[in-house]
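Text of start.cif (mmCIF, C-alpha atoms) as supplied:
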```
data_final
loop_
_atom_site.label_atom_id
_atom_site.label_comp_id
_atom_site.auth_asym_id
_atom_site.auth_seq_id
_atom_site.Cartn_x
_atom_site.Cartn_y
_atom_site.Cartn_z
CA MET A 272 -12.89 28.12 84.47
CA THR A 273 -15.12 25.17 85.11
CA ASN A 274 -16.56 24.39 88.46
CA PRO A 275 -17.08 20.69 89.24
CA ILE A 276 -20.07 19.94 91.46
CA SER A 277 -20.21 16.45 92.93
CA VAL A 278 -23.58 14.73 92.77
CA GLY A 279 -23.45 12.15 95.57
CA LEU A 280 -25.48 9.01 96.16
CA GLY A 281 -29.18 9.73 96.13
CA GLU A 282 -28.73 13.37 95.11
CA ILE A 283 -30.19 15.53 92.36
CA VAL A 284 -28.42 18.70 91.24
CA ILE A 285 -29.84 21.22 88.78
CA SER A 286 -27.75 24.01 87.28
CA LYS A 287 -28.12 26.94 84.90
CA ASN A 288 -24.61 28.20 85.50
CA PRO A 289 -22.45 27.71 82.38
CA GLU A 290 -19.35 27.29 84.52
CA ASP A 291 -20.74 24.25 86.32
CA VAL A 292 -19.85 20.65 85.54
CA LEU A 293 -22.10 18.20 87.37
CA VAL A 294 -20.23 15.00 88.23
CA ALA A 295 -21.36 11.63 89.53
CA TYR A 296 -18.12 9.85 90.43
CA GLY A 297 -17.65 6.10 90.27
CA LEU A 298 -21.11 4.83 89.37
CA GLY A 299 -21.24 1.06 89.79
CA SER A 300 -24.71 -0.43 89.91
CA CYS A 301 -26.03 3.11 90.47
CA LEU A 302 -27.50 5.06 87.57
CA GLY A 303 -26.58 8.57 86.52
CA ILE A 304 -29.50 10.14 84.65
CA SER A 305 -29.06 13.56 83.06
CA MET A 306 -31.59 15.91 81.53
CA ILE A 307 -30.66 18.94 79.45
CA ASP A 308 -32.84 21.60 77.85
CA PRO A 309 -30.38 23.01 75.32
CA ALA A 310 -32.47 26.06 74.43
CA ASN A 311 -32.94 27.29 77.98
CA ARG A 312 -29.58 25.85 79.03
CA VAL A 313 -30.83 24.05 82.11
CA ALA A 314 -29.11 20.84 83.10
CA GLY A 315 -29.75 18.31 85.82
CA LEU A 316 -28.13 15.12 87.05
CA LEU A 317 -29.61 12.38 89.23
CA HIS A 318 -27.48 9.76 91.02
CA ALA A 319 -29.97 6.98 91.81
CA VAL A 320 -29.08 3.97 93.96
CA LEU A 321 -31.97 1.50 94.01
CA PRO A 322 -34.89 0.64 91.72
CA ASP A 323 -37.96 0.90 93.93
CA THR A 324 -39.19 2.69 96.94
CA LEU A 325 -39.85 -0.10 99.42
CA ASN A 326 -43.35 -0.93 100.55
CA GLY A 327 -44.79 2.12 98.91
CA ALA A 328 -42.93 4.44 101.25
CA GLU A 329 -43.51 8.13 100.82
CA ASN A 330 -41.40 10.14 98.44
CA GLU A 331 -38.75 11.23 100.92
CA THR A 332 -38.25 14.83 99.83
CA PRO A 333 -38.86 16.60 96.52
CA ALA A 334 -35.09 16.58 95.94
CA SER A 335 -34.52 12.94 96.82
CA GLY A 336 -32.90 10.73 94.21
CA LYS A 337 -32.19 7.55 96.11
CA TYR A 338 -34.81 5.50 94.30
CA ILE A 339 -35.20 5.47 90.54
CA ASP A 340 -38.99 5.71 90.50
CA HIS A 341 -39.23 8.90 92.58
CA GLY A 342 -35.81 10.12 91.47
CA ILE A 343 -36.76 10.49 87.82
CA GLU A 344 -40.03 12.21 88.67
CA ASN A 345 -38.24 14.54 91.08
CA LEU A 346 -35.56 15.35 88.52
CA LEU A 347 -38.24 16.11 85.94
CA SER A 348 -40.17 18.46 88.20
CA LEU A 349 -37.02 20.24 89.42
CA MET A 350 -36.01 20.76 85.78
CA ALA A 351 -39.44 22.23 85.04
CA GLN A 352 -39.18 24.54 88.05
CA ALA A 353 -35.83 25.76 86.72
CA GLY A 354 -37.49 26.65 83.41
CA ALA A 355 -36.79 23.59 81.28
CA ASN A 356 -39.27 22.62 78.58
CA ARG A 357 -40.18 18.96 78.85
CA ASN A 358 -40.54 18.52 75.08
CA ARG A 359 -37.00 19.65 74.42
CA LEU A 360 -35.25 17.50 77.02
CA ALA A 361 -32.24 15.44 75.99
CA ILE A 362 -32.18 12.55 78.46
CA ARG A 363 -29.11 10.38 78.91
CA MET A 364 -28.43 7.51 81.24
CA ALA A 365 -25.23 5.74 82.29
CA GLY A 366 -24.24 3.15 84.89
CA GLY A 367 -26.14 0.08 86.03
CA ALA A 368 -23.07 -2.17 85.92
CA ASN A 369 -23.00 -5.58 87.52
CA MET A 370 -19.96 -5.27 89.74
CA LEU A 371 -20.04 -8.81 91.10
CA THR A 372 -19.02 -11.26 88.43
CA SER A 373 -18.29 -14.16 90.76
CA PRO A 374 -20.40 -17.23 90.03
CA GLY A 375 -23.14 -17.80 92.57
CA LEU A 376 -23.54 -14.13 93.43
CA LYS A 377 -24.57 -12.73 90.10
CA SER A 378 -28.27 -13.40 89.83
CA THR A 379 -29.10 -12.47 93.41
CA PHE A 380 -27.24 -9.23 93.48
CA ASP A 381 -27.53 -7.81 90.02
CA ILE A 382 -29.02 -4.54 91.11
CA GLY A 383 -27.50 -2.77 88.10
CA THR A 384 -29.78 -4.61 85.68
CA ARG A 385 -32.81 -4.04 87.88
CA ASN A 386 -31.97 -0.34 87.99
CA ILE A 387 -31.79 -0.13 84.19
CA GLU A 388 -35.08 -2.00 83.73
CA LYS A 389 -36.80 0.20 86.27
CA ALA A 390 -35.52 3.39 84.64
CA ARG A 391 -36.75 2.28 81.20
CA ALA A 392 -40.16 1.47 82.65
CA VAL A 393 -40.37 4.89 84.32
CA PHE A 394 -39.38 6.67 81.09
CA GLN A 395 -42.07 4.78 79.23
CA LYS A 396 -44.68 5.56 81.87
CA LEU A 397 -43.82 9.25 81.76
CA ASN A 398 -43.67 9.18 77.97
CA LEU A 399 -40.05 10.37 77.88
CA LYS A 400 -37.55 9.41 75.19
CA LEU A 401 -33.92 8.52 75.90
CA THR A 402 -31.36 10.30 73.73
CA ALA A 403 -28.44 8.04 74.62
CA GLU A 404 -27.37 5.45 77.12
CA GLU A 405 -24.23 3.67 78.25
CA VAL A 406 -25.36 0.99 80.66
CA GLY A 407 -24.66 -2.52 81.91
CA GLY A 408 -21.34 -4.34 81.70
CA ASN A 409 -19.19 -4.72 84.76
CA LYS A 410 -17.14 -1.54 84.90
CA GLY A 411 -17.74 1.56 86.97
CA ARG A 412 -18.28 4.89 85.22
CA THR A 413 -17.92 8.56 86.07
CA VAL A 414 -20.50 10.81 84.42
CA ARG A 415 -20.01 14.52 83.74
CA VAL A 416 -22.57 17.06 82.58
CA TYR A 417 -21.03 20.22 81.06
CA VAL A 418 -23.72 22.83 81.48
CA ALA A 419 -22.20 25.35 79.04
CA GLU A 420 -21.82 22.86 76.21
CA ASN A 421 -25.02 20.82 76.62
CA ARG A 422 -22.65 17.91 76.73
CA VAL A 423 -22.59 14.68 78.74
CA THR A 424 -19.58 12.37 79.01
CA PHE A 425 -18.67 9.11 80.70
CA LYS A 426 -15.31 7.70 81.72
CA VAL A 427 -14.29 4.16 82.60
CA ILE A 428 -11.21 3.34 84.70
CA GLY A 429 -8.04 3.45 82.57
CA GLU A 430 -9.86 4.86 79.52
CA VAL A 431 -10.40 8.33 78.08
CA GLU A 432 -13.51 10.43 78.61
CA GLN A 433 -16.10 9.83 75.87
CA ASP A 434 -19.20 11.71 74.77
CA LEU A 435 -22.51 10.13 75.61
CA MET B 155 -35.06 0.09 109.53
CA LEU B 156 -31.85 0.10 111.45
CA GLU B 157 -31.75 3.10 113.70
CA ASN B 158 -29.37 4.42 116.27
CA ASN B 159 -31.33 3.13 119.22
CA THR B 160 -30.90 -0.46 118.00
CA PHE B 161 -27.29 -0.10 118.96
CA ASP B 162 -27.08 0.23 122.68
CA GLN B 163 -23.73 0.24 124.42
CA LYS B 164 -23.86 -3.43 125.29
CA LEU B 165 -24.43 -4.59 121.73
CA LEU B 166 -21.62 -2.37 120.49
CA GLU B 167 -19.22 -3.75 123.11
CA MET B 168 -20.20 -7.28 122.21
CA LEU B 169 -19.68 -6.63 118.50
CA THR B 170 -16.34 -4.95 119.16
CA THR B 171 -15.09 -7.98 121.10
CA ILE B 172 -16.33 -10.49 118.54
CA THR B 173 -14.99 -8.67 115.52
CA SER B 174 -11.63 -7.84 117.15
CA GLU B 175 -11.03 -11.54 117.65
CA GLY B 176 -12.19 -12.26 114.12
CA ILE B 177 -9.94 -9.70 112.50
CA LYS B 178 -6.91 -10.82 114.54
CA ASN B 179 -7.60 -14.32 113.30
CA ALA B 180 -7.91 -13.04 109.74
CA ALA B 181 -4.54 -11.29 110.10
CA ASP B 182 -2.99 -14.58 111.24
CA GLY B 183 -4.34 -16.24 108.11
CA PHE B 184 -2.99 -13.38 106.03
CA SER B 185 0.45 -13.73 107.73
CA GLY B 186 0.50 -17.46 107.05
CA MET B 187 -0.27 -16.96 103.39
CA ILE B 188 2.34 -14.32 102.62
CA GLY B 189 4.91 -15.58 105.11
CA ARG B 190 5.34 -12.32 107.04
CA LYS B 191 3.85 -11.10 110.26
CA ILE B 192 0.83 -8.93 109.62
CA GLU B 193 -0.25 -6.66 112.45
CA VAL B 194 -3.79 -5.52 112.86
CA SER B 195 -4.98 -2.22 114.24
CA ASN B 196 -7.77 -2.23 116.77
CA PRO B 197 -11.01 -2.33 114.86
CA SER B 198 -13.38 0.55 115.25
CA LEU B 199 -17.12 0.27 114.89
CA GLU B 200 -19.06 2.97 113.21
CA LEU B 201 -22.71 3.43 112.46
CA VAL B 202 -22.58 5.08 109.07
CA PRO B 203 -25.35 6.72 107.07
CA LEU B 204 -25.58 4.63 103.92
CA LEU B 205 -25.33 7.46 101.43
CA THR B 206 -22.08 8.84 102.86
CA ILE B 207 -20.12 5.58 102.52
CA PRO B 208 -18.04 6.55 99.44
CA GLU B 209 -16.78 9.69 101.18
CA ILE B 210 -15.43 7.69 104.11
CA VAL B 211 -12.96 5.89 101.89
CA GLY B 212 -11.70 9.06 100.20
CA GLY B 213 -12.09 9.94 96.56
CA PRO B 214 -14.87 7.91 94.93
CA GLU B 215 -12.95 8.00 91.64
CA ASP B 216 -9.70 6.59 93.08
CA ASP B 217 -8.61 3.22 91.70
CA ALA B 218 -8.86 0.34 94.13
CA VAL B 219 -9.25 -3.39 94.43
CA GLY B 220 -12.23 -4.82 96.28
CA VAL B 221 -12.57 -8.39 97.46
CA TYR B 222 -16.12 -9.24 98.40
CA LEU B 223 -17.69 -12.14 100.25
CA ARG B 224 -21.28 -12.67 101.20
CA PHE B 225 -22.07 -15.08 104.02
CA GLU B 226 -25.30 -16.85 104.83
CA GLY B 227 -26.36 -18.79 107.91
CA ASP B 228 -27.66 -17.77 111.33
CA MET B 229 -26.08 -14.36 111.05
CA PRO B 230 -25.87 -13.33 107.43
CA GLY B 231 -23.86 -10.37 106.20
CA GLN B 232 -21.13 -9.13 103.91
CA ILE B 233 -17.39 -8.64 104.06
CA MET B 234 -15.52 -6.27 101.79
CA MET B 235 -11.77 -5.73 101.77
CA ILE B 236 -10.69 -2.57 100.00
CA ILE B 237 -7.08 -2.10 98.97
CA PRO B 238 -5.75 0.97 97.12
CA TYR B 239 -4.63 -0.07 93.62
CA GLN B 240 -0.92 0.57 94.17
CA LYS B 241 -0.99 -1.44 97.40
CA ALA B 242 -2.75 -4.28 95.62
CA LEU B 243 0.14 -4.47 93.14
CA GLU B 244 2.59 -4.71 96.05
CA LEU B 245 0.45 -7.38 97.67
CA ALA B 246 0.36 -9.31 94.42
CA ASP B 247 4.19 -9.24 94.39
CA LEU B 248 4.21 -10.66 97.90
CA LEU B 249 1.63 -13.33 97.10
CA MET B 250 3.28 -14.42 93.86
CA ASP B 251 6.72 -14.34 95.44
CA ALA B 252 7.89 -11.80 92.87
CA PRO B 253 10.45 -9.02 93.47
CA ALA B 254 8.86 -5.78 94.74
CA GLY B 255 7.62 -3.64 91.86
CA GLU B 256 7.39 -6.47 89.35
CA THR B 257 3.61 -6.54 89.14
CA LYS B 258 2.51 -3.64 86.95
CA GLN B 259 -1.08 -4.65 86.41
CA LEU B 260 -3.53 -7.19 87.70
CA GLY B 261 -4.13 -10.07 85.30
CA THR B 262 -6.21 -13.17 85.86
CA LEU B 263 -3.53 -14.82 87.99
CA GLU B 264 -2.99 -11.79 90.24
CA ARG B 265 -6.72 -11.29 90.67
CA SER B 266 -7.10 -14.91 91.58
CA ALA B 267 -4.33 -14.59 94.18
CA LEU B 268 -5.97 -11.53 95.70
CA GLY B 269 -9.33 -13.30 95.68
CA GLU B 270 -7.74 -16.20 97.52
CA LEU B 271 -6.32 -13.80 100.07
CA GLY B 272 -9.75 -12.29 100.62
CA ASN B 273 -11.25 -15.73 100.81
CA LEU B 274 -8.73 -16.80 103.41
CA CYS B 275 -9.11 -13.67 105.54
CA GLY B 276 -12.87 -13.98 105.30
CA SER B 277 -12.84 -17.62 106.31
CA PHE B 278 -10.49 -17.03 109.25
CA PHE B 279 -12.71 -14.18 110.33
CA LEU B 280 -15.87 -16.25 110.09
CA ASN B 281 -14.29 -19.23 111.86
CA SER B 282 -13.48 -17.05 114.80
CA LEU B 283 -17.02 -15.64 114.78
CA ALA B 284 -18.53 -19.09 114.56
CA LYS B 285 -16.66 -20.16 117.68
CA THR B 286 -17.48 -17.06 119.68
CA VAL B 287 -21.18 -16.86 118.95
CA ARG B 288 -21.74 -20.57 118.27
CA ALA B 289 -23.39 -19.96 114.95
CA ASN B 290 -22.67 -21.31 111.49
CA PHE B 291 -21.63 -19.29 108.47
CA ARG B 292 -21.52 -20.20 104.81
CA PRO B 293 -19.34 -17.83 102.77
CA SER B 294 -19.82 -17.29 99.03
CA PRO B 295 -16.87 -17.58 96.64
CA PRO B 296 -14.89 -14.32 96.58
CA ALA B 297 -15.55 -11.70 93.94
CA VAL B 298 -12.61 -9.49 92.97
CA MET B 299 -13.23 -6.04 91.54
CA VAL B 300 -10.68 -3.63 90.12
CA ASP B 301 -12.43 -0.33 89.71
CA MET B 302 -13.18 3.08 91.15
CA VAL B 303 -13.85 3.11 94.90
CA GLY B 304 -17.35 4.48 94.35
CA ALA B 305 -18.28 1.69 91.96
CA ILE B 306 -16.92 -1.00 94.29
CA LEU B 307 -18.83 0.42 97.22
CA ASP B 308 -22.05 0.47 95.22
CA VAL B 309 -22.14 -3.25 95.94
CA VAL B 310 -22.40 -2.61 99.66
CA VAL B 311 -24.71 0.34 99.30
CA ALA B 312 -27.07 -1.47 96.94
CA THR B 313 -27.31 -4.71 98.88
CA ALA B 314 -27.69 -3.07 102.29
CA GLY B 315 -29.68 -0.12 101.04
CA GLY B 316 -33.00 -1.79 100.47
CA VAL B 317 -33.58 -2.18 104.16
CA ASN B 318 -31.24 0.03 106.13
CA GLU B 319 -30.59 3.75 106.27
CA HIS B 320 -27.45 3.11 108.28
CA VAL B 321 -24.92 0.33 108.12
CA LEU B 322 -22.68 -0.90 110.85
CA LEU B 323 -19.14 -0.72 109.67
CA VAL B 324 -16.28 -2.56 111.32
CA HIS B 325 -13.20 -0.88 110.09
CA SER B 326 -9.65 -2.11 110.55
CA ASN B 327 -6.20 -1.78 109.01
CA LEU B 328 -3.79 -4.60 108.36
CA MET B 329 -0.13 -3.57 108.54
CA ASP B 330 3.04 -5.27 107.44
CA GLY B 331 5.86 -4.08 109.71
CA ASN B 332 7.38 -0.87 108.40
CA ARG B 333 5.33 -1.11 105.27
CA SER B 334 1.68 -0.51 105.77
CA VAL B 335 -0.57 -2.78 103.76
CA LYS B 336 -3.42 -0.44 104.69
CA THR B 337 -6.31 -2.68 103.93
CA ASP B 338 -9.76 -1.59 104.92
CA PHE B 339 -11.65 -4.54 106.20
CA TRP B 340 -15.36 -3.89 106.34
CA VAL B 341 -17.95 -6.14 107.90
CA ILE B 342 -21.56 -5.31 107.31
CA PRO B 343 -23.94 -7.57 109.22
CA ASP B 344 -27.49 -7.87 107.96
CA MET B 345 -30.26 -6.69 110.22
CA LYS B 346 -31.26 -10.31 110.77
CA ALA B 347 -27.77 -11.09 112.06
CA LEU B 348 -27.99 -8.36 114.66
CA GLN B 349 -31.43 -9.45 115.77
CA ASN B 350 -30.21 -13.02 116.15
CA LEU B 351 -27.19 -11.82 118.05
CA ILE B 352 -29.35 -9.90 120.46
CA SER B 353 -31.87 -12.66 121.00
CA LYS B 354 -29.43 -15.57 121.21
CA ASN B 355 -26.49 -14.16 123.04
CA TYR B 356 -27.54 -11.27 125.13
CA ALA B 357 -28.29 -13.50 128.09
CA TYR B 358 -25.01 -15.33 128.15
CA ASP B 359 -22.41 -12.75 128.96
#
```

Take the structure from the file and write it as structure tokens.
Amino acid sequence: MTNPISVGLGEIVISKNPEDVLVAYGLGSCLGISMIDPANRVAGLLHAVLPDTLNGAENETPASGKYIDHGIENLLSLMAQAGANRNRLAIRMAGGANMLTSPGLKSTFDIGTRNIEKARAVFQKLNLKLTAEEVGGNKGRTVRVYVAENRVTFKVIGEVEQDL
Amino acid sequence: MLENNTFDQKLLEMLTTITSEGIKNAADGFSGMIGRKIEVSNPSLELVPLLTIPEIVGGPEDDAVGVYLRFEGDMPGQIMMIIPYQKALELADLLMDAPAGETKQLGTLERSALGELGNLCGSFFLNSLAKTVRANFRPSPPAVMVDMVGAILDVVVATAGGVNEHVLLVHSNLMDGNRSVKTDFWVIPDMKALQNLISKNYAYD
């Protein structure tokens, strides 16, 4: 039996339990970033909302994932604490859609694109390589991380689940 | 940051009165457009922690239609109407004057009709607000989204989230006689709007 665990807005969940499936439901402009160490079978999923911590505010808590900058760092250190080896990490990212396609709103509110750019910059800064990504567009996505299978999937409304 | 103590009893009462009027007016516009009397439930105001928003609407993976307007002016903010997908199909039938059950999916025409509905409700709402608080509002064109509830609500979360930990949610249902249209009508004023409301209108009461 599989055990779905919902990863809500601004949350990070780490699991070593093969029965767990970490799920970030309905990502719009938010980003779902997963890290898996296949050898030690540790998996983690971050559901980040916004690109930057405002005005250099403190990192809220070590498990906070609201902002992409601190979120990725927090995910990385929680993975390490759970026994993951940084050099083996498969990192995948999905989401960052632009939900508002109406003319006149797009440029001001395209937080999805800003989220993606921020995440790429953070990966580069931390010298981390992305294994796969499914980002942008204007459709929401649900992301699932199957701990037992070292597998990450995404699903768009009205379509079938696909491997990422 | 918007915190609980910003919302004293008086401000909440004032907002309840203003938005009740606005939503009744929006329902009248709605009724006029579809040619049936639309009732409106009494709006409730809630101060909601930003990150729990998707849970309030139910399953974040449920299919829904969102109609979004942003308004600028003295009291800027956002309006989002959320309609469960099945209900949106029924509404599209009503709007297009088609027999019930005819609309099976939302094409360009149906989306446009729903966008117009949102536009109309939003404008009626803002007109009423403009009269009550003597301010001006400039609404954006409507954006229509057909997607998962969570993804639609990301719009609200992301635009309000940079500044606020909580958002003020004005929540109401529009009902069509025996059949419930069950439309969530959310109004999310910007912080600036609330500050202006306090400074401009507190005295005259």

**Q.** Expansion of the PyMOL selection byres ((chain A) within 7 of (chain B)) into residues, as JSON, numbers by chain
**A.** {"A": [280, 281, 296, 297, 298, 299, 300, 301, 320, 321, 370, 371, 372, 373, 382, 410, 411, 428]}

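We find CA of Ser174 (chain B) and CA of Lys241 (chain B) to be spaced 23.3 Å apart.
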
Q: For CA of Asn409 (chain A) and CA of Leu323 (chain B), quote the distance in Å rounded to one decimal.
A: 25.2 Å

Could you put an axis-aligned box around every listed atom of region 217-220 of chain B, padded by 5 Å on each side, and send me its centre and edge lengths in Å to one decimal, as AutoDock Vina command-line options?
```
--center_x -10.4 --center_y -0.8 --center_z 94.0 --size_x 13.6 --size_y 18.0 --size_z 14.6
```

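With the shown file loaded, the PyMOL selection byres ((chain B and resi 264-273) around 7) picks out Phe184, Val221, Met235, Ala246, Leu249, Leu260, Gly261, Thr262, Leu263, Leu274, Cys275, Gly276, Ser277, Pro296, Ala297 and Val298 of chain B.
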
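CA of Ile285 (chain A) lies 19.2 Å from CA of Ala390 (chain A).
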
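Considering the residues A:Asp323, A:Glu290, A:Asp308, A:Glu432 and counting only C-alpha atoms, Leu360 (chain A) has its shortest atom-to-atom contact with A:Asp308.
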
Q.
Using the chain letters and numbers from this file, what does the PyMOL selection byres ((chain B and resi 244) around 12) select? Give the answer as a PyMOL selection string.
A. chain B and resi 188+237-243+245-260+264+268+330+333-336
